[in-house]
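Take a look at the structure below.
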Amino acid sequence: MDEQKSQSLKEYRDHFASLAKKHSTDAVYSQAVGGEFSAVGQLELELLVSLGLRDGQSVVDVGCGSGRLAYQLSRNSKVAYIGCDVVPELLEYASSICNRNEWRFAYTDGSSIPADDASADFICFFSVFTHLTHEETFKYFLESRRVLKHGGLMVMSFLEFLVPSHWSQFRASVLNIRPDKHLNQFVSRDGIAAWANHSGLKLLKIYSGDDNYIPLRSEVHYDNGHKLTGFGTLGQSVAILKNVGSEPIADVIAEPLGTGNHSYIDSPPEGGEVSSKQCVVHGWIWFPMIQRDIERVLIAADGKLVGRSNALYERPDVTNVLSINSNERTGFSVNLDDLEVAVGGTVLLEVIIQLKSGLQCRTKTKRRVCVVA
Ligand SMILES: C[S@@+](CC[C@H](N)C(=O)[O-])C[C@H]1O[C@@H](n2cnc3c(N)ncnc32)[C@H](O)[C@@H]1O
């Protein structure tokens with residue numbers, strides 16, 4: 001194990017040293033973690049926010065590198081933060097750009113997390129398990145179980161063979177044409193499920209790297225001028241795991257996520273007319289998402305977020321007819337922003353449910369409607 005550990009330590013230090021010979025300062029620190037310093041950091045932040053990260057919580061960022069996520073957090077949030085990495089130069093740089101004296105940037109030996117037991121709401125591994133052996137990765141699962149608070153989430157990005165863009169990266173390794181030479185490790189979903197079982201974490205959800213799974217609150221700008229709105233992806237797939245502690249499994253919503261047919265839209269109807277300036281979507285959410293678990297409802301129009309509402313209510317008109325508990329259906333009304341669609345055009349409205357646990361369900365419930373003045 002020590003040999004494997006020293007391999008990833010050495011590989012990353014060598015990688016950094018060779019970049020340092022070629023580039024100017026900021027470029028070295030961006031390239032060392034894969035580039036697109038600002039865009040990727042923003043996507044990482046938006047992913048955590050979509051999973052429920054809020055001010056006052058604590059984030060542990062393992063393999064934080066030069067601070068893509070830390071920098072965004074320092075500008076946009078009031079969270080407690082620990083970043084750790086195996087390359088001291090990257091930690092120093094990350095610390096210098098964040099300017100947060102109360103934050104900790106700590107060296108790790110490559111398999112332990114320098115944080116107290118049950119202290120973190122979020123632990124993230126962005127583009128880290130892609131460079132570790134499976135044994136090292138599993139050690140970090142055990143560490144995450146130790147460091148996460150009860151109910152805390154572990155967020156990990158990874159590469160998998162069935163995602164086409166990941167396959168091209170694997171092919172590049174086979175052909176030995178990748179610009180960097182360190183290990184590009186792939187992880188299987190059953191591996192993640194097994195590591196979760198054996199470390200006492202519950203695997204809640206996996207997002208495929210080719211899907212746009214991150215709702216964006218603002219535009220993301222890439223170095224090449226490309227702009228992203230609506231939803232984005234890190235490119236890598238992402239798994240969300242939860243420390244459910246000794247909570248009985250029955251109390252955990254087993255499959256709240258993914259794309260289920262979990263809601264109904266009362267109005268507007270399919271093919272109905274909506275005003276581009278003023279439109280309200282009314283509907284209700286199905287069991288198993290019960291009202292106390294729901295934080296808010298979001299509406300997307302052609303993939304772009306156009307409205308959100310925390311105002312949820314009971315729907316006795318539905319539950320009485322079905323003779324079910326009142327909390328098994330949750331009503332919502334969401335006012336939409338300007339749809340920014342030309343009069344006469346159509347738009348596809350989509351219901352997205354955010355749970356208090358931070359998890360999110362993009363339901364299959366959709367309505368294509370016509371836009372009028
Ligand atoms: C591709 S970079 C990603 C950095 C950062 N998470 C981000 O998204 O910007 C991978 C990082 O993992 C770090 N790393 C490599 N092996 C590690 C290990 N065993 N434990 C912790 N960090 C490690 C590297 O030094 C590097 O900073």
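In the structure tokens, chains take letters A, B, ... by order of appearance, with residues numbered from 1 within each chain and ligands from 1 in the order shown.
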Expected answer as an mmCIF file with N, CA and C atoms, in the first residue's frame: residues within 9 Å of ligand 1, only C-alpha atoms and all ligand atoms:
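This is the output file result35.cif:
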```
data_model
loop_
_atom_site.group_PDB
_atom_site.id
_atom_site.type_symbol
_atom_site.label_atom_id
_atom_site.label_comp_id
_atom_site.auth_asym_id
_atom_site.auth_seq_id
_atom_site.Cartn_x
_atom_site.Cartn_y
_atom_site.Cartn_z
ATOM 1 N N LYS A 5 0.823 4.385 -2.553
ATOM 2 C CA LYS A 5 0.618 5.749 -2.089
ATOM 3 C C LYS A 5 1.725 6.640 -2.619
ATOM 4 N N SER A 6 2.978 6.169 -2.490
ATOM 5 C CA SER A 6 4.067 7.027 -2.906
ATOM 6 C C SER A 6 4.028 7.243 -4.413
ATOM 7 N N GLN A 7 3.426 6.281 -5.142
ATOM 8 C CA GLN A 7 3.337 6.468 -6.592
ATOM 9 C C GLN A 7 2.500 7.694 -6.946
ATOM 10 N N SER A 8 1.289 7.829 -6.345
ATOM 11 C CA SER A 8 0.458 8.981 -6.703
ATOM 12 C C SER A 8 1.084 10.280 -6.201
ATOM 13 N N LEU A 9 1.727 10.228 -5.037
ATOM 14 C CA LEU A 9 2.420 11.425 -4.531
ATOM 15 C C LEU A 9 3.497 11.860 -5.512
ATOM 16 N N LYS A 10 4.321 10.889 -5.904
ATOM 17 C CA LYS A 10 5.460 11.209 -6.750
ATOM 18 C C LYS A 10 4.983 11.673 -8.129
ATOM 19 N N GLU A 11 3.966 10.956 -8.670
ATOM 20 C CA GLU A 11 3.495 11.310 -10.004
ATOM 21 C C GLU A 11 3.018 12.754 -10.037
ATOM 22 N N TYR A 12 2.242 13.150 -9.009
ATOM 23 C CA TYR A 12 1.701 14.504 -9.041
ATOM 24 C C TYR A 12 2.765 15.558 -8.809
ATOM 25 N N ARG A 13 3.758 15.230 -7.981
ATOM 26 C CA ARG A 13 4.832 16.218 -7.773
ATOM 27 C C ARG A 13 5.659 16.367 -9.049
ATOM 28 N N HIS A 15 4.592 15.819 -12.074
ATOM 29 C CA HIS A 15 3.727 16.503 -13.039
ATOM 30 C C HIS A 15 3.818 18.012 -12.811
ATOM 31 N N PHE A 16 3.722 18.429 -11.557
ATOM 32 C CA PHE A 16 3.776 19.853 -11.235
ATOM 33 C C PHE A 16 5.149 20.429 -11.606
ATOM 34 N N SER A 30 -3.022 26.591 -12.930
ATOM 35 C CA SER A 30 -4.264 26.164 -13.574
ATOM 36 C C SER A 30 -4.037 24.836 -14.296
ATOM 37 N N GLN A 31 -2.937 24.769 -15.072
ATOM 38 C CA GLN A 31 -2.641 23.537 -15.816
ATOM 39 C C GLN A 31 -2.448 22.352 -14.878
ATOM 40 N N ALA A 32 -1.880 22.612 -13.718
ATOM 41 C CA ALA A 32 -1.583 21.513 -12.782
ATOM 42 C C ALA A 32 -2.845 20.765 -12.369
ATOM 43 N N VAL A 33 -4.002 21.430 -12.446
ATOM 44 C CA VAL A 33 -5.239 20.754 -12.040
ATOM 45 C C VAL A 33 -6.158 20.493 -13.239
ATOM 46 N N GLY A 34 -5.623 20.712 -14.453
ATOM 47 C CA GLY A 34 -6.414 20.382 -15.640
ATOM 48 C C GLY A 34 -6.912 21.589 -16.411
ATOM 49 N N GLY A 35 -6.585 22.810 -15.979
ATOM 50 C CA GLY A 35 -6.967 24.015 -16.733
ATOM 51 C C GLY A 35 -8.384 24.487 -16.445
ATOM 52 N N PHE A 37 -9.528 27.147 -14.990
ATOM 53 C CA PHE A 37 -9.545 27.380 -13.544
ATOM 54 C C PHE A 37 -10.874 27.956 -13.072
ATOM 55 N N VAL A 40 -14.302 25.555 -14.363
ATOM 56 C CA VAL A 40 -14.468 24.287 -13.634
ATOM 57 C C VAL A 40 -14.760 24.559 -12.159
ATOM 58 N N GLY A 41 -14.066 25.571 -11.590
ATOM 59 C CA GLY A 41 -14.335 25.916 -10.187
ATOM 60 C C GLY A 41 -15.785 26.310 -9.988
ATOM 61 N N GLU A 44 -18.004 23.253 -10.146
ATOM 62 C CA GLU A 44 -17.900 22.479 -8.902
ATOM 63 C C GLU A 44 -18.744 23.131 -7.802
ATOM 64 N N ASP A 61 -12.278 19.591 0.976
ATOM 65 C CA ASP A 61 -11.982 19.447 -0.449
ATOM 66 C C ASP A 61 -10.680 18.653 -0.553
ATOM 67 N N VAL A 62 -10.822 17.336 -0.802
ATOM 68 C CA VAL A 62 -9.625 16.482 -0.814
ATOM 69 C C VAL A 62 -9.022 16.511 -2.225
ATOM 70 N N GLY A 63 -7.710 16.722 -2.296
ATOM 71 C CA GLY A 63 -7.066 16.915 -3.600
ATOM 72 C C GLY A 63 -7.487 18.248 -4.165
ATOM 73 N N CYS A 64 -7.435 19.278 -3.317
ATOM 74 C CA CYS A 64 -7.968 20.605 -3.696
ATOM 75 C C CYS A 64 -7.114 21.278 -4.757
ATOM 76 N N GLY A 65 -5.870 20.776 -4.928
ATOM 77 C CA GLY A 65 -4.991 21.348 -5.944
ATOM 78 C C GLY A 65 -4.741 22.819 -5.703
ATOM 79 N N SER A 66 -4.748 23.611 -6.777
ATOM 80 C CA SER A 66 -4.433 25.036 -6.665
ATOM 81 C C SER A 66 -5.659 25.864 -6.326
ATOM 82 N N GLY A 67 -6.793 25.214 -6.036
ATOM 83 C CA GLY A 67 -7.915 25.954 -5.454
ATOM 84 C C GLY A 67 -9.014 26.359 -6.415
ATOM 85 N N ARG A 68 -9.275 25.529 -7.443
ATOM 86 C CA ARG A 68 -10.373 25.907 -8.355
ATOM 87 C C ARG A 68 -11.673 26.078 -7.578
ATOM 88 N N LEU A 69 -11.995 25.097 -6.728
ATOM 89 C CA LEU A 69 -13.235 25.204 -5.944
ATOM 90 C C LEU A 69 -13.071 26.224 -4.816
ATOM 91 N N ALA A 70 -11.919 26.165 -4.131
ATOM 92 C CA ALA A 70 -11.715 27.039 -2.972
ATOM 93 C C ALA A 70 -11.876 28.507 -3.356
ATOM 94 N N CYS A 84 -7.104 19.894 1.194
ATOM 95 C CA CYS A 84 -5.862 19.148 1.418
ATOM 96 C C CYS A 84 -5.355 18.580 0.100
ATOM 97 N N ASP A 85 -4.053 18.368 0.042
ATOM 98 C CA ASP A 85 -3.444 17.884 -1.201
ATOM 99 C C ASP A 85 -2.073 17.283 -0.862
ATOM 100 N N VAL A 86 -1.520 16.581 -1.870
ATOM 101 C CA VAL A 86 -0.197 15.989 -1.671
ATOM 102 C C VAL A 86 0.920 16.880 -2.227
ATOM 103 N N VAL A 87 0.554 17.983 -2.880
ATOM 104 C CA VAL A 87 1.593 18.864 -3.443
ATOM 105 C C VAL A 87 1.588 20.195 -2.673
ATOM 106 N N PRO A 88 2.606 20.428 -1.848
ATOM 107 C CA PRO A 88 2.614 21.619 -1.002
ATOM 108 C C PRO A 88 2.533 22.919 -1.794
ATOM 109 N N LEU A 90 0.910 23.574 -4.489
ATOM 110 C CA LEU A 90 -0.475 23.845 -4.892
ATOM 111 C C LEU A 90 -1.269 24.377 -3.703
ATOM 112 N N LEU A 91 -1.026 23.809 -2.539
ATOM 113 C CA LEU A 91 -1.723 24.273 -1.333
ATOM 114 C C LEU A 91 -1.377 25.732 -1.039
ATOM 115 N N TYR A 107 -1.540 19.596 4.231
ATOM 116 C CA TYR A 107 -0.896 18.517 3.499
ATOM 117 C C TYR A 107 -1.521 17.180 3.910
ATOM 118 N N THR A 108 -1.738 16.282 2.946
ATOM 119 C CA THR A 108 -2.159 14.924 3.314
ATOM 120 C C THR A 108 -1.116 13.937 2.807
ATOM 121 N N ASP A 109 -1.015 12.832 3.525
ATOM 122 C CA ASP A 109 -0.062 11.790 3.126
ATOM 123 C C ASP A 109 -0.558 11.010 1.903
ATOM 124 N N GLY A 110 -1.737 11.320 1.412
ATOM 125 C CA GLY A 110 -2.232 10.644 0.211
ATOM 126 C C GLY A 110 -3.341 9.666 0.493
ATOM 127 N N SER A 111 -3.685 9.429 1.748
ATOM 128 C CA SER A 111 -4.822 8.535 2.007
ATOM 129 C C SER A 111 -5.589 8.894 3.273
ATOM 130 N N SER A 112 -5.161 9.932 3.976
ATOM 131 C CA SER A 112 -5.954 10.322 5.153
ATOM 132 C C SER A 112 -6.422 11.766 5.004
ATOM 133 N N ILE A 113 -7.527 12.053 5.693
ATOM 134 C CA ILE A 113 -8.113 13.398 5.593
ATOM 135 C C ILE A 113 -7.831 14.140 6.896
ATOM 136 N N CYS A 124 -15.532 16.612 -0.824
ATOM 137 C CA CYS A 124 -15.525 16.397 -2.275
ATOM 138 C C CYS A 124 -14.171 15.946 -2.768
ATOM 139 N N PHE A 125 -14.261 15.146 -3.803
ATOM 140 C CA PHE A 125 -13.080 14.619 -4.499
ATOM 141 C C PHE A 125 -13.310 14.913 -5.973
ATOM 142 N N PHE A 126 -12.896 16.088 -6.410
ATOM 143 C CA PHE A 126 -13.088 16.427 -7.814
ATOM 144 C C PHE A 126 -11.831 16.071 -8.591
ATOM 145 N N SER A 127 -12.013 15.131 -9.523
ATOM 146 C CA SER A 127 -10.905 14.725 -10.376
ATOM 147 C C SER A 127 -9.723 14.234 -9.543
ATOM 148 N N VAL A 128 -10.004 13.487 -8.507
ATOM 149 C CA VAL A 128 -8.942 12.958 -7.643
ATOM 150 C C VAL A 128 -8.865 11.439 -7.790
ATOM 151 N N PHE A 129 -10.015 10.750 -7.703
ATOM 152 C CA PHE A 129 -9.983 9.287 -7.831
ATOM 153 C C PHE A 129 -9.565 8.868 -9.237
ATOM 154 N N THR A 130 -9.591 9.831 -10.153
ATOM 155 C CA THR A 130 -9.117 9.573 -11.514
ATOM 156 C C THR A 130 -7.605 9.352 -11.534
ATOM 157 N N HIS A 131 -6.927 9.648 -10.409
ATOM 158 C CA HIS A 131 -5.467 9.518 -10.391
ATOM 159 C C HIS A 131 -4.979 8.556 -9.315
ATOM 160 N N LEU A 132 -5.903 7.921 -8.621
ATOM 161 C CA LEU A 132 -5.494 7.044 -7.520
ATOM 162 C C LEU A 132 -5.734 5.580 -7.858
ATOM 163 N N THR A 133 -5.053 4.717 -7.162
ATOM 164 C CA THR A 133 -5.359 3.287 -7.282
ATOM 165 C C THR A 133 -6.698 3.048 -6.576
ATOM 166 N N GLU A 136 -6.303 3.079 -2.810
ATOM 167 C CA GLU A 136 -6.232 4.425 -2.214
ATOM 168 C C GLU A 136 -7.627 5.049 -2.144
ATOM 169 N N THR A 137 -8.388 4.855 -3.227
ATOM 170 C CA THR A 137 -9.738 5.418 -3.269
ATOM 171 C C THR A 137 -10.585 4.846 -2.141
ATOM 172 N N TYR A 140 -9.990 6.392 1.100
ATOM 173 C CA TYR A 140 -10.650 7.690 1.241
ATOM 174 C C TYR A 140 -12.149 7.538 1.511
#
```
For this session: Just the residues within 9 Å of Pro269 in chain A, please, counting only C-alpha atoms, with nothing from its chain fewer than 3 positions along; format it as a PyMOL selection string.
Result: chain A and resi 265-266+272-273+367-369
For this session: Please provide the set of residues having any atom within 7 Å of range 283-293 of chain A, restricted to only C-alpha atoms, with same-chain residues fewer than 5 positions apart removed, written as a ChimeraX atom specification.
Result: /A:256,262-267,327-333,355-356
Exercise. Could you pull out the helix (DSSP H, G or I) residues of range 158-366 of chain A from DSSP and send them as a PyMOL selection string?
Worked result: chain A and resi 164-174+189-199+249-251+291-293+316-322+326-328
Residues from last step as file, C-alpha atoms, as an mmCIF file, in the first residue's frame:
```
data_model
loop_
_atom_site.group_PDB
_atom_site.id
_atom_site.type_symbol
_atom_site.label_atom_id
_atom_site.label_comp_id
_atom_site.auth_asym_id
_atom_site.auth_seq_id
_atom_site.Cartn_x
_atom_site.Cartn_y
_atom_site.Cartn_z
ATOM 1 C CA PRO A 164 -18.190 8.160 -24.873
ATOM 2 C CA SER A 165 -16.063 11.200 -23.959
ATOM 3 C CA HIS A 166 -14.361 9.176 -21.213
ATOM 4 C CA TRP A 167 -13.620 6.393 -23.668
ATOM 5 C CA SER A 168 -11.675 8.885 -25.824
ATOM 6 C CA GLN A 169 -9.526 9.685 -22.809
ATOM 7 C CA PHE A 170 -8.890 5.987 -22.254
ATOM 8 C CA ARG A 171 -7.991 5.583 -25.925
ATOM 9 C CA ALA A 172 -5.559 8.476 -25.636
ATOM 10 C CA SER A 173 -3.877 6.647 -22.733
ATOM 11 C CA VAL A 174 -3.714 3.452 -24.788
ATOM 12 C CA ARG A 189 -20.343 1.908 -10.818
ATOM 13 C CA ASP A 190 -20.392 -1.483 -9.132
ATOM 14 C CA GLY A 191 -16.994 -0.620 -7.613
ATOM 15 C CA ILE A 192 -18.467 2.553 -6.146
ATOM 16 C CA ALA A 193 -21.506 0.642 -4.859
ATOM 17 C CA ALA A 194 -19.256 -1.978 -3.216
ATOM 18 C CA TRP A 195 -16.932 0.624 -1.651
ATOM 19 C CA ALA A 196 -20.003 2.444 -0.343
ATOM 20 C CA ASN A 197 -21.386 -0.745 1.209
ATOM 21 C CA HIS A 198 -18.079 -1.674 2.767
ATOM 22 C CA SER A 199 -17.438 1.780 4.192
ATOM 23 C CA ILE A 249 -32.593 2.314 5.573
ATOM 24 C CA ALA A 250 -36.393 2.613 5.453
ATOM 25 C CA ASP A 251 -36.080 6.226 6.623
ATOM 26 C CA GLN A 291 -43.770 17.288 1.675
ATOM 27 C CA ARG A 292 -41.427 17.489 4.661
ATOM 28 C CA ASP A 293 -38.554 16.278 2.453
ATOM 29 C CA PRO A 316 -56.700 17.813 -0.511
ATOM 30 C CA ASP A 317 -58.483 17.814 -3.879
ATOM 31 C CA VAL A 318 -56.096 15.029 -4.942
ATOM 32 C CA THR A 319 -55.409 13.212 -1.649
ATOM 33 C CA ASN A 320 -59.083 13.047 -0.591
ATOM 34 C CA VAL A 321 -60.090 11.477 -3.873
ATOM 35 C CA LEU A 322 -57.305 8.915 -3.584
ATOM 36 C CA SER A 326 -52.181 14.612 2.891
ATOM 37 C CA ASN A 327 -48.362 14.660 2.820
ATOM 38 C CA GLU A 328 -48.209 12.167 -0.048
#
```
Sorted per-residue table, range 175-261 of chain A near range 157-161 of chain A, closest atoms and distance, 6 Å, only C-alpha atoms, as a Markdown table:
```
| residue | atom | partner | partner_atom | distance |
| --- | --- | --- | --- | --- |
| A:Phe186 | CA | A:Leu159 | CA | 5.0 |
| A:Val187 | CA | A:Glu160 | CA | 5.7 |
| A:Gln236 | CA | A:Phe158 | CA | 5.5 |
| A:Ser237 | CA | A:Phe158 | CA | 5.3 |
| A:Val238 | CA | A:Ser157 | CA | 4.3 |
```
Problem set entry | Close residues, Gly345 in chain A itself excluded, 12 Å, only C-alpha atoms, min 5 positions apart in chain, as a PyMOL selection string | chain A and resi 271-276+302+339-340+368-373
Go ahead and dump the residues you just picked, C-alpha atoms, as a short mmCIF file (atom, residue, chain, number, x, y, z; two decimals), in the first residue's frame.
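Written file, result_17.cif:
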```cif
data_model
loop_
_atom_site.label_atom_id
_atom_site.label_comp_id
_atom_site.auth_asym_id
_atom_site.auth_seq_id
_atom_site.Cartn_x
_atom_site.Cartn_y
_atom_site.Cartn_z
CA GLY A 271 -50.04 22.59 -26.22
CA GLY A 272 -51.51 25.42 -24.09
CA GLU A 273 -50.63 29.09 -24.42
CA VAL A 274 -48.43 31.00 -21.98
CA SER A 275 -47.49 34.66 -21.87
CA SER A 276 -43.77 35.27 -22.42
CA ASP A 302 -35.80 24.40 -22.78
CA LEU A 339 -39.24 33.18 -20.99
CA GLU A 340 -37.09 34.97 -23.57
CA ARG A 368 -44.62 21.81 -24.57
CA VAL A 369 -46.48 25.13 -24.64
CA CYS A 370 -46.92 27.97 -27.16
CA VAL A 371 -45.65 31.43 -26.25
CA VAL A 372 -48.01 34.38 -26.78
CA ALA A 373 -47.45 38.08 -26.04
#
```
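The space between CA of Lys366 in chain A and CA of Ala311 in chain A spans 20.3 Å.
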Seminar exercise, completed: Using only C-alpha atoms, the residue out of A:Tyr71, A:Tyr207, A:Tyr29, A:Phe122 with shortest distance to Gln42 in chain A is A:Tyr71
